[in-house]
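Visitor: Sharing entry12.cif, mmCIF, C-alpha atoms:
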data_input
#
loop_
_atom_site.label_atom_id
_atom_site.label_comp_id
_atom_site.auth_asym_id
_atom_site.auth_seq_id
_atom_site.Cartn_x
_atom_site.Cartn_y
_atom_site.Cartn_z
CA MET A 1391 3.65 -17.45 -17.38
CA GLU A 1392 6.30 -15.46 -19.20
CA LYS A 1393 8.47 -13.54 -16.70
CA ARG A 1394 7.42 -9.98 -17.57
CA PHE A 1395 3.72 -10.95 -17.93
CA ARG A 1396 3.92 -12.61 -14.53
CA ALA A 1397 5.50 -9.52 -12.96
CA HIS A 1398 2.68 -7.28 -14.24
CA PHE A 1399 0.01 -9.80 -13.25
CA ILE A 1400 1.17 -10.61 -9.72
CA ASN A 1401 2.02 -6.96 -8.98
CA SER A 1402 -1.63 -6.06 -9.62
CA LEU A 1403 -3.05 -8.46 -7.04
CA SER A 1404 -2.32 -6.67 -3.78
CA GLY A 1405 -4.42 -3.65 -4.80
CA PHE A 1406 -3.49 0.01 -4.97
CA LYS A 1407 -0.07 0.96 -3.67
CA SER A 1408 1.42 4.11 -2.19
CA ALA A 1409 3.53 6.32 -4.48
CA ASN A 1410 6.64 7.71 -2.81
CA LEU A 1411 10.12 8.98 -3.59
CA ILE A 1412 12.91 8.08 -1.18
CA ALA A 1413 15.82 10.51 -1.09
CA THR A 1414 19.20 9.62 0.38
CA GLU A 1415 22.77 10.85 0.45
CA ASN A 1416 26.01 8.94 0.81
CA SER A 1417 28.80 10.10 3.11
CA GLN A 1418 30.24 12.21 0.25
CA GLN A 1419 26.96 14.21 0.04
CA GLN A 1420 26.04 12.62 -3.27
CA SER A 1421 22.27 12.32 -3.37
CA ASN A 1422 20.01 9.63 -4.79
CA LEU A 1423 16.27 9.64 -5.50
CA ALA A 1424 14.20 6.51 -6.18
CA ILE A 1425 10.52 5.69 -6.55
CA PHE A 1426 8.97 3.05 -4.28
CA SER A 1427 5.46 1.60 -4.34
CA SER A 1428 6.08 -0.53 -1.25
CA VAL A 1429 6.14 2.13 1.49
CA ILE A 1430 3.84 0.92 4.27
CA HIS A 1431 2.60 2.17 7.64
CA LEU A 1432 3.84 -0.07 10.46
CA GLY A 1433 2.75 1.74 13.59
CA ALA A 1434 1.88 5.14 15.05
CA SER A 1435 3.67 4.94 18.39
CA PRO A 1436 6.56 4.77 17.78
CA ALA A 1437 5.96 6.23 14.31
CA LEU A 1438 7.35 3.51 12.05
CA VAL A 1439 7.27 3.25 8.26
CA GLY A 1440 8.68 0.37 6.20
CA PHE A 1441 9.52 -0.36 2.60
CA ILE A 1442 10.60 -3.43 0.65
CA THR A 1443 13.83 -3.44 -1.34
CA ARG A 1444 15.53 -5.98 -3.60
CA PRO A 1445 19.33 -6.16 -3.32
CA ASP A 1446 19.87 -6.37 -7.10
CA SER A 1447 17.36 -3.68 -8.09
CA VAL A 1448 17.95 -0.11 -9.23
CA ALA A 1449 17.11 0.78 -5.65
CA ARG A 1450 20.39 -0.66 -4.37
CA HIS A 1451 21.89 2.85 -4.12
CA THR A 1452 19.05 3.84 -1.80
CA LEU A 1453 19.78 0.94 0.54
CA ASN A 1454 23.55 1.50 0.45
CA ASN A 1455 23.14 5.18 1.34
CA ILE A 1456 20.71 4.43 4.18
CA LYS A 1457 23.13 1.89 5.65
CA GLU A 1458 25.92 4.46 5.38
CA THR A 1459 24.17 7.52 6.86
CA LYS A 1460 21.09 6.06 8.68
CA GLN A 1461 18.93 8.93 7.41
CA TYR A 1462 16.46 9.28 4.53
CA THR A 1463 13.37 11.19 3.49
CA ILE A 1464 10.07 9.88 2.11
CA ASN A 1465 8.19 12.23 -0.20
CA GLN A 1466 4.61 11.57 -1.37
CA ILE A 1467 4.22 11.69 -5.16
CA SER A 1468 1.40 13.85 -6.45
CA HIS A 1469 -0.24 13.95 -9.88
CA GLN A 1470 1.67 17.14 -10.71
CA PHE A 1471 5.02 15.35 -11.05
CA TYR A 1472 4.37 11.60 -11.33
CA PRO A 1473 6.14 11.24 -14.74
CA GLN A 1474 9.34 12.70 -13.28
CA ALA A 1475 8.96 10.43 -10.25
CA HIS A 1476 8.56 7.40 -12.53
CA GLN A 1477 11.70 8.38 -14.46
CA THR A 1478 13.80 7.94 -11.29
CA SER A 1479 13.34 4.17 -11.80
CA ALA A 1480 15.69 4.27 -14.81
CA ARG A 1481 19.00 2.52 -14.16
CA TYR A 1482 21.22 5.57 -13.75
CA SER A 1483 24.81 4.97 -12.66
CA ALA A 1484 25.81 5.73 -9.06
CA ASP A 1485 27.39 9.06 -10.02
CA GLU A 1486 24.31 10.36 -11.88
CA CYS A 1487 21.88 12.32 -9.69
CA GLU A 1488 18.19 11.52 -10.30
CA PHE A 1489 17.22 15.03 -9.15
CA LEU A 1490 19.26 16.50 -12.00
CA GLN A 1491 18.18 13.86 -14.52
CA THR A 1492 14.44 14.24 -13.88
CA GLY A 1493 14.25 17.95 -13.09
CA LEU A 1494 12.94 17.48 -9.56
CA THR A 1495 14.19 19.97 -6.98
CA LYS A 1496 16.25 19.32 -3.85
CA GLN A 1497 15.06 20.97 -0.65
CA TYR A 1498 17.30 20.96 2.43
CA ILE A 1499 16.14 21.39 6.02
CA GLU A 1500 18.39 22.20 8.95
CA ASN A 1501 19.83 19.17 10.79
CA ILE A 1502 18.62 16.69 8.14
CA ALA A 1503 21.38 15.52 5.81
CA PRO A 1504 19.43 14.03 2.86
CA PRO A 1505 17.33 16.34 0.71
CA PHE A 1506 13.53 16.43 0.43
CA VAL A 1507 11.71 16.74 -2.90
CA ALA A 1508 10.54 20.36 -3.10
CA GLU A 1509 7.62 19.43 -5.40
CA SER A 1510 6.17 16.99 -2.84
CA HIS A 1511 3.38 18.32 -0.62
CA LEU A 1512 3.79 15.81 2.24
CA LYS A 1513 7.20 14.49 3.26
CA TYR A 1514 9.15 13.39 6.31
CA ALA A 1515 12.60 12.42 7.49
CA LEU A 1516 13.40 9.06 9.05
CA THR A 1517 16.18 7.40 11.00
CA LEU A 1518 16.96 3.79 10.16
CA GLU A 1519 15.76 1.45 12.91
CA ASP A 1520 16.04 -2.03 11.43
CA ILE A 1521 16.58 -4.03 8.24
CA ILE A 1522 14.74 -7.33 8.28
CA PRO A 1523 15.67 -9.95 5.67
CA LEU A 1524 12.86 -11.92 4.05
CA PRO A 1525 14.64 -15.17 3.18
CA LEU A 1526 11.78 -16.44 0.98
CA ASN A 1527 12.78 -14.19 -1.91
CA GLY A 1528 15.89 -12.31 -0.81
CA THR A 1529 14.10 -8.98 -0.28
CA GLN A 1530 14.48 -6.85 2.81
CA LEU A 1531 12.04 -4.83 4.90
CA VAL A 1532 13.70 -1.51 5.79
CA ILE A 1533 12.12 0.12 8.87
CA GLY A 1534 12.57 3.77 9.80
CA ARG A 1535 11.32 5.98 12.63
CA ILE A 1536 9.84 9.32 11.59
CA THR A 1537 11.71 12.26 13.09
CA ASP A 1538 10.43 15.33 11.18
CA ILE A 1539 7.27 15.95 9.11
CA ILE A 1540 6.58 18.67 6.54
CA CYS A 1541 2.82 18.95 5.97
CA PRO A 1542 0.55 21.89 5.04
CA HIS A 1543 -1.59 22.81 8.06
CA GLU A 1544 -4.75 23.17 5.96
CA ALA A 1545 -4.64 19.47 5.03
CA ILE A 1546 -4.77 18.32 8.68
CA GLN A 1547 -8.32 17.68 9.86
CA PRO A 1548 -9.41 18.21 13.50
CA ASP A 1549 -9.07 14.51 14.34
CA GLY A 1550 -5.53 14.26 12.95
CA TYR A 1551 -6.41 12.75 9.54
CA ILE A 1552 -4.37 14.30 6.72
CA ASP A 1553 -6.40 14.82 3.55
CA ILE A 1554 -3.79 13.47 1.13
CA GLU A 1555 -6.34 13.52 -1.69
CA GLN A 1556 -6.63 17.31 -1.32
CA LEU A 1557 -2.81 17.40 -1.54
CA GLY A 1558 -2.98 15.63 -4.92
CA ALA A 1559 -1.35 12.39 -3.79
CA ALA A 1560 -1.22 9.70 -6.48
CA CYS A 1561 -1.40 5.94 -6.08
CA ILE A 1562 -0.01 3.09 -8.17
CA SER A 1563 -1.36 -0.20 -9.47
CA GLY A 1564 0.81 -2.88 -10.99
CA LEU A 1565 4.27 -1.76 -12.07
CA ASP A 1566 3.48 1.41 -13.98
CA SER A 1567 -0.11 2.66 -13.64
CA TYR A 1568 -0.68 5.95 -11.83
CA HIS A 1569 -4.01 7.10 -10.46
CA ASN A 1570 -5.75 10.09 -8.94
CA THR A 1571 -8.39 9.45 -6.30
CA SER A 1572 -11.87 10.70 -5.46
CA ARG A 1573 -13.19 10.17 -1.94
CA LEU A 1574 -16.09 7.79 -1.43
CA SER A 1575 -16.34 8.74 2.25
CA ARG A 1576 -14.75 8.50 5.65
CA LEU A 1577 -16.52 5.96 7.84
CA SER A 1578 -17.06 5.92 11.58
CA TYR A 1579 -15.16 3.62 13.94
CA ALA A 1580 -17.00 0.31 13.50
CA LYS A 1581 -18.84 -1.23 16.45
CA PRO A 1582 -20.72 -4.54 16.48
CA THR A 1583 -24.04 -3.04 17.52
CA LEU A 1584 -24.04 0.12 15.36
CA PRO A 1585 -24.53 0.59 11.61
CA VAL A 1586 -21.62 2.15 9.72
CA GLN A 1587 -21.91 5.94 9.47
CA GLU A 1588 -20.30 8.34 7.03
CA LEU A 1589 -18.15 11.00 8.68
CA THR A 1590 -18.77 14.44 7.22
CA THR A 1591 -17.32 17.80 8.16
CA THR A 1592 -20.67 18.73 9.73
CA GLY A 1593 -21.44 15.48 11.51
CA VAL A 1594 -22.38 11.95 10.58
CA THR A 1595 -24.76 10.50 8.01
CA VAL A 1596 -26.16 6.99 8.27
CA THR A 1597 -25.44 4.86 5.23
CA GLY A 1598 -27.47 1.93 3.97
CA VAL A 1599 -25.52 -0.86 5.62
CA ASN A 1600 -27.67 -3.13 7.72
CA ASN A 1601 -25.61 -5.06 10.20
CA ASP A 1602 -28.52 -6.10 12.41
CA LYS A 1603 -29.47 -9.25 10.57
CA MET B 1469 -0.09 14.33 20.36
CA GLU B 1470 -3.22 12.75 21.79
CA LYS B 1471 -3.27 9.01 21.04
CA ARG B 1472 -6.20 8.91 18.59
CA PHE B 1473 -5.06 12.11 16.82
CA ARG B 1474 -1.62 10.61 16.45
CA ALA B 1475 -3.03 7.38 15.02
CA HIS B 1476 -4.98 9.28 12.33
CA PHE B 1477 -2.03 11.55 11.57
CA ILE B 1478 0.75 8.95 11.29
CA ASN B 1479 -1.51 6.53 9.40
CA SER B 1480 -1.91 9.17 6.67
CA LEU B 1481 1.80 9.57 6.01
CA SER B 1482 2.61 6.43 4.02
CA GLY B 1483 0.14 7.38 1.26
CA PHE B 1484 -2.74 5.40 -0.21
CA LYS B 1485 -3.16 1.84 0.98
CA SER B 1486 -4.67 -1.28 -0.50
CA ALA B 1487 -8.18 -2.29 0.62
CA ASN B 1488 -8.60 -6.01 1.18
CA LEU B 1489 -10.68 -8.49 3.13
CA ILE B 1490 -8.90 -11.57 4.50
CA ALA B 1491 -11.09 -14.61 5.02
CA THR B 1492 -10.08 -17.55 7.19
CA GLU B 1493 -11.56 -20.60 8.86
CA ASN B 1494 -10.55 -22.38 12.03
CA SER B 1495 -10.31 -26.16 12.25
CA GLN B 1496 -14.02 -26.30 13.22
CA GLN B 1497 -14.98 -24.61 9.92
CA GLN B 1498 -15.94 -21.40 11.67
CA SER B 1499 -15.10 -18.55 9.32
CA ASN B 1500 -13.75 -15.07 9.98
CA LEU B 1501 -13.55 -12.01 7.76
CA ALA B 1502 -11.41 -8.94 8.50
CA ILE B 1503 -10.41 -5.78 6.64
CA PHE B 1504 -6.71 -5.01 6.16
CA SER B 1505 -5.08 -1.91 4.66
CA SER B 1506 -1.57 -3.37 4.99
CA VAL B 1507 -1.61 -6.04 2.26
CA ILE B 1508 1.55 -5.59 0.22
CA HIS B 1509 3.17 -7.17 -2.83
CA LEU B 1510 6.46 -8.88 -1.91
CA GLY B 1511 7.48 -10.64 -5.09
CA ALA B 1512 6.21 -12.17 -8.33
CA SER B 1513 8.31 -15.34 -8.45
CA PRO B 1514 7.50 -16.98 -6.12
CA ALA B 1515 4.20 -15.06 -5.87
CA LEU B 1516 4.35 -13.69 -2.34
CA VAL B 1517 1.98 -11.28 -0.58
CA GLY B 1518 2.36 -9.98 2.96
CA PHE B 1519 0.28 -8.17 5.55
CA ILE B 1520 0.95 -6.62 8.96
CA THR B 1521 -0.97 -7.73 12.01
CA ARG B 1522 -1.04 -6.65 15.63
CA PRO B 1523 -1.39 -9.44 18.21
CA ASP B 1524 -3.92 -7.53 20.34
CA SER B 1525 -6.06 -6.19 17.49
CA VAL B 1526 -9.47 -7.29 16.27
CA ALA B 1527 -7.50 -9.14 13.60
CA ARG B 1528 -6.22 -11.69 16.15
CA HIS B 1529 -8.82 -14.24 14.98
CA THR B 1530 -7.42 -13.96 11.44
CA LEU B 1531 -3.91 -14.77 12.63
CA ASN B 1532 -5.06 -17.59 14.91
CA ASN B 1533 -6.99 -19.22 12.07
CA ILE B 1534 -4.09 -18.88 9.62
CA LYS B 1535 -1.73 -20.51 12.14
CA GLU B 1536 -4.25 -23.31 12.62
CA THR B 1537 -5.10 -24.11 8.98
CA LYS B 1538 -2.27 -22.43 6.96
CA GLN B 1539 -4.78 -21.24 4.33
CA TYR B 1540 -6.53 -17.92 3.72
CA THR B 1541 -8.03 -15.83 0.96
CA ILE B 1542 -7.43 -12.16 0.09
CA ASN B 1543 -10.31 -10.35 -1.57
CA GLN B 1544 -9.99 -6.87 -3.10
CA ILE B 1545 -12.58 -4.41 -1.79
CA SER B 1546 -14.49 -2.47 -4.42
CA HIS B 1547 -16.58 0.68 -4.09
CA GLN B 1548 -19.78 -1.40 -4.31
CA PHE B 1549 -19.33 -2.90 -0.83
CA TYR B 1550 -16.74 -0.84 1.06
CA PRO B 1551 -19.11 0.05 3.97
CA GLN B 1552 -19.75 -3.65 4.65
CA ALA B 1553 -16.00 -4.30 4.40
CA HIS B 1554 -15.31 -1.51 6.92
CA GLN B 1555 -17.89 -2.97 9.31
CA THR B 1556 -15.82 -6.17 9.61
CA SER B 1557 -13.40 -4.12 11.75
CA ALA B 1558 -15.93 -4.06 14.60
CA ARG B 1559 -14.87 -6.13 17.59
CA TYR B 1560 -17.16 -9.12 17.13
CA SER B 1561 -16.66 -12.08 19.43
CA ALA B 1562 -14.95 -15.20 18.09
CA ASP B 1563 -18.25 -17.03 17.62
CA GLU B 1564 -19.86 -14.23 15.56
CA CYS B 1565 -19.33 -14.53 11.81
CA GLU B 1566 -18.50 -11.27 10.05
CA PHE B 1567 -20.05 -12.58 6.82
CA LEU B 1568 -23.40 -12.91 8.59
CA GLN B 1569 -23.01 -9.64 10.51
CA THR B 1570 -22.18 -7.52 7.45
CA GLY B 1571 -24.26 -9.24 4.79
CA LEU B 1572 -21.27 -10.22 2.64
CA THR B 1573 -21.53 -13.59 0.89
CA LYS B 1574 -19.31 -16.65 1.31
CA GLN B 1575 -18.11 -18.33 -1.88
CA TYR B 1576 -16.41 -21.73 -1.70
CA ILE B 1577 -14.05 -23.19 -4.29
CA GLU B 1578 -13.06 -26.84 -4.54
CA ASN B 1579 -9.91 -27.78 -2.56
CA ILE B 1580 -9.73 -24.42 -0.75
CA ALA B 1581 -10.99 -24.55 2.83
CA PRO B 1582 -11.58 -20.86 3.66
CA PRO B 1583 -14.30 -18.97 1.80
CA PHE B 1584 -13.86 -16.14 -0.70
CA VAL B 1585 -16.00 -13.00 -0.66
CA ALA B 1586 -18.51 -13.43 -3.51
CA GLU B 1587 -18.88 -9.63 -3.94
CA SER B 1588 -15.13 -9.19 -4.60
CA HIS B 1589 -14.07 -9.00 -8.25
CA LEU B 1590 -10.42 -10.03 -7.74
CA LYS B 1591 -9.39 -12.57 -5.11
CA TYR B 1592 -6.90 -15.33 -4.45
CA ALA B 1593 -6.04 -18.12 -2.05
CA LEU B 1594 -2.74 -18.33 -0.20
CA THR B 1595 -0.75 -20.83 1.83
CA LEU B 1596 1.11 -19.51 4.85
CA GLU B 1597 4.86 -19.37 4.21
CA ASP B 1598 6.29 -17.38 7.10
CA ILE B 1599 5.43 -15.12 10.06
CA ILE B 1600 8.15 -12.57 10.72
CA PRO B 1601 8.07 -10.70 14.04
CA LEU B 1602 8.89 -6.97 14.01
CA PRO B 1603 10.30 -6.50 17.53
CA LEU B 1604 10.22 -2.68 17.27
CA ASN B 1605 6.48 -2.56 17.89
CA GLY B 1606 5.31 -6.13 18.41
CA THR B 1607 3.63 -6.44 15.01
CA GLN B 1608 4.13 -9.35 12.63
CA LEU B 1609 4.56 -9.62 8.87
CA VAL B 1610 2.51 -12.58 7.66
CA ILE B 1611 3.72 -13.90 4.29
CA GLY B 1612 1.67 -16.17 2.03
CA ARG B 1613 2.25 -17.78 -1.34
CA ILE B 1614 -0.55 -17.38 -3.88
CA THR B 1615 -1.98 -20.72 -5.00
CA ASP B 1616 -5.22 -19.85 -6.85
CA ILE B 1617 -6.49 -16.62 -8.45
CA ILE B 1618 -10.05 -15.65 -9.41
CA CYS B 1619 -9.95 -12.76 -11.87
CA PRO B 1620 -12.26 -11.72 -14.75
CA HIS B 1621 -10.47 -12.32 -18.06
CA GLU B 1622 -11.58 -8.98 -19.51
CA ALA B 1623 -9.58 -7.10 -16.85
CA ILE B 1624 -6.28 -8.71 -17.86
CA GLN B 1625 -4.36 -6.64 -20.40
CA PRO B 1626 -2.07 -8.23 -23.05
CA ASP B 1627 1.07 -7.54 -20.99
CA GLY B 1628 -0.36 -9.14 -17.83
CA TYR B 1629 -1.43 -5.94 -16.04
CA ILE B 1630 -4.81 -6.30 -14.35
CA ASP B 1631 -6.97 -3.19 -14.64
CA ILE B 1632 -8.12 -3.10 -11.01
CA GLU B 1633 -9.62 0.35 -11.55
CA GLN B 1634 -12.00 -1.11 -14.15
CA LEU B 1635 -12.90 -3.72 -11.51
CA GLY B 1636 -13.91 -0.94 -9.11
CA ALA B 1637 -11.13 -1.53 -6.57
CA ALA B 1638 -11.07 0.99 -3.73
CA CYS B 1639 -8.10 2.32 -1.81
CA ILE B 1640 -7.74 3.64 1.73
CA SER B 1641 -6.03 6.62 3.32
CA GLY B 1642 -5.54 7.02 7.05
CA LEU B 1643 -7.71 4.77 9.22
CA ASP B 1644 -11.11 5.22 7.63
CA SER B 1645 -11.13 7.11 4.32
CA TYR B 1646 -12.13 5.19 1.19
CA HIS B 1647 -11.41 6.33 -2.36
CA ASN B 1648 -12.20 5.54 -5.96
CA THR B 1649 -9.47 6.08 -8.52
CA SER B 1650 -9.16 7.57 -12.00
CA ARG B 1651 -6.16 6.65 -14.12
CA LEU B 1652 -3.59 9.32 -14.90
CA SER B 1653 -1.73 6.98 -17.26
CA ARG B 1654 0.45 3.93 -17.52
CA LEU B 1655 4.08 4.85 -18.15
CA SER B 1656 6.74 3.04 -20.16
CA TYR B 1657 9.63 1.17 -18.52
CA ALA B 1658 12.03 3.99 -17.62
CA LYS B 1659 15.47 4.15 -19.25
CA PRO B 1660 18.18 6.74 -18.57
CA THR B 1661 18.40 7.90 -22.20
CA LEU B 1662 14.69 7.97 -23.09
CA PRO B 1663 11.92 10.36 -22.06
CA VAL B 1664 8.98 8.82 -20.19
CA GLN B 1665 6.19 7.72 -22.50
CA GLU B 1666 2.52 7.11 -21.79
CA LEU B 1667 1.35 3.61 -22.61
CA THR B 1668 -1.96 3.59 -24.42
CA THR B 1669 -3.97 0.74 -25.84
CA THR B 1670 -2.97 1.83 -29.32
CA GLY B 1671 0.72 2.55 -28.70
CA VAL B 1672 2.76 5.12 -26.85
CA THR B 1673 2.47 8.88 -26.49
CA VAL B 1674 5.40 11.06 -25.49
CA THR B 1675 4.73 13.15 -22.40
CA GLY B 1676 6.35 16.44 -21.47
CA VAL B 1677 9.12 15.11 -19.25
CA ASN B 1678 12.54 16.28 -20.31
CA ASN B 1679 15.26 14.09 -18.90
CA ASP B 1680 17.97 15.18 -21.33
CA LYS B 1681 19.15 18.19 -19.40
#
What do you get writing this file as structure tokens?
Guide:
Amino acid sequence: MEKRFRAHFINSLSGFKSANLIATENSQQQSNLAIFSSVIHLGASPALVGFITRPDSVARHTLNNIKETKQYTINQISHQFYPQAHQTSARYSADECEFLQTGLTKQYIENIAPPFVAESHLKYALTLEDIIPLPLNGTQLVIGRITDIICPHEAIQPDGYIDIEQLGAACISGLDSYHNTSRLSRLSYAKPTLPVQELTTTGVTVTGVNNDK
Amino acid sequence: MEKRFRAHFINSLSGFKSANLIATENSQQQSNLAIFSSVIHLGASPALVGFITRPDSVARHTLNNIKETKQYTINQISHQFYPQAHQTSARYSADECEFLQTGLTKQYIENIAPPFVAESHLKYALTLEDIIPLPLNGTQLVIGRITDIICPHEAIQPDGYIDIEQLGAACISGLDSYHNTSRLSRLSYAKPTLPVQELTTTGVTVTGVNNDK
């Protein structure tokens, strides 16, 4: 396969990906903003989130800044500003600020050095915990612990689930395709002896799955 | 935060997640099928895909089988069978087959020991390459190299992108919410001096992003 064809093709195989902007600052308070489709939940307690980075990629400034200051913010991308978010992947030089170049807005919170993205509806600050090299292809898994979360109260459901669809969160497929979502349903905690049930705001509804055969 | 509330809450923060079924077999040809929302693209060349697993989870049979036979298949979950896919997360005993319990269908391909999920529209076989422990929370990153891909030709676009939305692929948010998608657009490769453009099947359309300021 031709290199670019292969990149599009293989990138489509894992399924839909999260759409996030990672904001950092170096020790001279110069900020950087970069899009990542590899942000992944690692665990709830402690609250750990990871992302994959390539040393030679346009994301190298992100990694350098995180190593320097140990702090960063992750900001969910919503359909209202996904073209600006995508534009942060352009290869700007280290002294060009992606906030300025794309028109996205910095938002500062007390005691957190790097900015948040004001346009993002769900965002959080992290402290670097570990950088794990993946020798197979020279990438690295960067792991952070969540320290502060900015989330609209009305999106938090009684059981703790955050309705990110209501917040307009986008997702990504392949290298460059952006998508809105529409909920199929939430499903009950699966047990061997019970059929799957749809969770609704008023209760539960039995779906057509027969797991008794 | 109460433990279950916290799990729902923190699991929502990373954004939308891929929805995949991993099928394995042990050395006695007993098969296992388990849902994962942590499958992640790691690189195109070599073609590497990873997923996160917890040693004590219901997914322990998946990991044991992969260690035993070094082969597994990843099968994208589509909206047509997401309740059955969810039901594989029930804590069945090692001698119960999730294919049988959920009504999903095994599909065997020559020279690949573990089954595929017949209902899945996009699926591939992998060989185990590495298992990387994440000491922070006792999870592991399991990395496989893609060896064989089953994908409908009509979903592959001229540049290699696979239209997984057309294939009905679902995505997940939090622990139990399943979503369909609708495409916002594909965007052109971003360059510092060019505005973002929408890719269309007939060419490109300029969107409203101004990155010249």
Visitor: Report as a VMD selection string the set of chain A residues whose atoms approach chain B to within 6 Å, with distances computed over only C-alpha atoms.
Guide: chain A and resid 1395 1397 to 1400 1402 1404 to 1408 1430 to 1431 1434 1477 1479 to 1480 1482 1491 to 1492 1549 to 1552 1566 to 1577 1580 to 1582 1601
Visitor: Kindly resolve the PyMOL selection byres ((chain A and resi 1496) around 10) on the present coordinates and return the residues as a PDB file with C-alpha atoms, in the coordinates of the input.
Guide:
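Ended up saving to out06.pdb:
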ATOM      1  CA  ALA A1413      15.820  10.510  -1.090  1.00  0.00           C
ATOM      2  CA  SER A1421      22.270  12.320  -3.370  1.00  0.00           C
ATOM      3  CA  LEU A1423      16.270   9.640  -5.500  1.00  0.00           C
ATOM      4  CA  PHE A1489      17.220  15.030  -9.150  1.00  0.00           C
ATOM      5  CA  LEU A1490      19.260  16.500 -12.000  1.00  0.00           C
ATOM      6  CA  GLY A1493      14.250  17.950 -13.090  1.00  0.00           C
ATOM      7  CA  LEU A1494      12.940  17.480  -9.560  1.00  0.00           C
ATOM      8  CA  THR A1495      14.190  19.970  -6.980  1.00  0.00           C
ATOM      9  CA  GLN A1497      15.060  20.970  -0.650  1.00  0.00           C
ATOM     10  CA  TYR A1498      17.300  20.960   2.430  1.00  0.00           C
ATOM     11  CA  PRO A1504      19.430  14.030   2.860  1.00  0.00           C
ATOM     12  CA  PRO A1505      17.330  16.340   0.710  1.00  0.00           C
ATOM     13  CA  PHE A1506      13.530  16.430   0.430  1.00  0.00           C
ATOM     14  CA  VAL A1507      11.710  16.740  -2.900  1.00  0.00           C
ATOM     15  CA  ALA A1508      10.540  20.360  -3.100  1.00  0.00           C
ATOM     16  CA  GLU A1509       7.620  19.430  -5.400  1.00  0.00           C
TER      17      GLU A1509
END
Visitor: B:Ile1599, B:Ala1581, B:Ala1553, B:Ile1618: which is nearest Gln1496 (chain B), counting all atoms listed in the file?
Guide: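 The shortest atom-to-atom distance to Gln1496 (chain B) comes from B:Ala1581.
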Visitor: Can you tell me how far CA of Leu1516 (chain A) sits from CA of Ser1525 (chain B), in Å to one decimal?
Guide: 26.1 Å
Visitor: Quick one: distance from CA of Asp1538 (chain A) to CA of Thr1463 (chain A) in Å, one decimal?
Guide: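 Atom-to-atom, CA of Asp1538 (chain A) and CA of Thr1463 (chain A) are spaced 9.2 Å apart.
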Visitor: Grab the CA of Ser1588 (chain B) to CA of Gly1558 (chain A) distance for me, in Å with one decimal place.
Guide: 27.6 Å
Visitor: Please identify all polymer residues within 8 Å of Leu1557 (chain A), counting all atoms listed in the file, omitting same-chain residues fewer than 5 positions from it, and present them as a ChimeraX atom specification.
Guide: /A:1468,1511-1512,1545
Visitor: When you look at Leu1531 (chain B) with a cut-off of 9 Å (counting all atoms listed in the file), what residues show up, excluding the ones that are within fewer than 5 positions of it in the same chain? I need them as a PyMOL selection string.
Guide: chain B and resi 1492+1521+1523+1536+1610
Visitor: Hey, what's within 10 Å of Asn1416 (chain A) if we count only C-alpha atoms and toss same-chain stuff fewer than 6 positions away? As a PyMOL selection string, please?
Guide: chain A and resi 1422+1451-1452+1454-1461+1503-1504
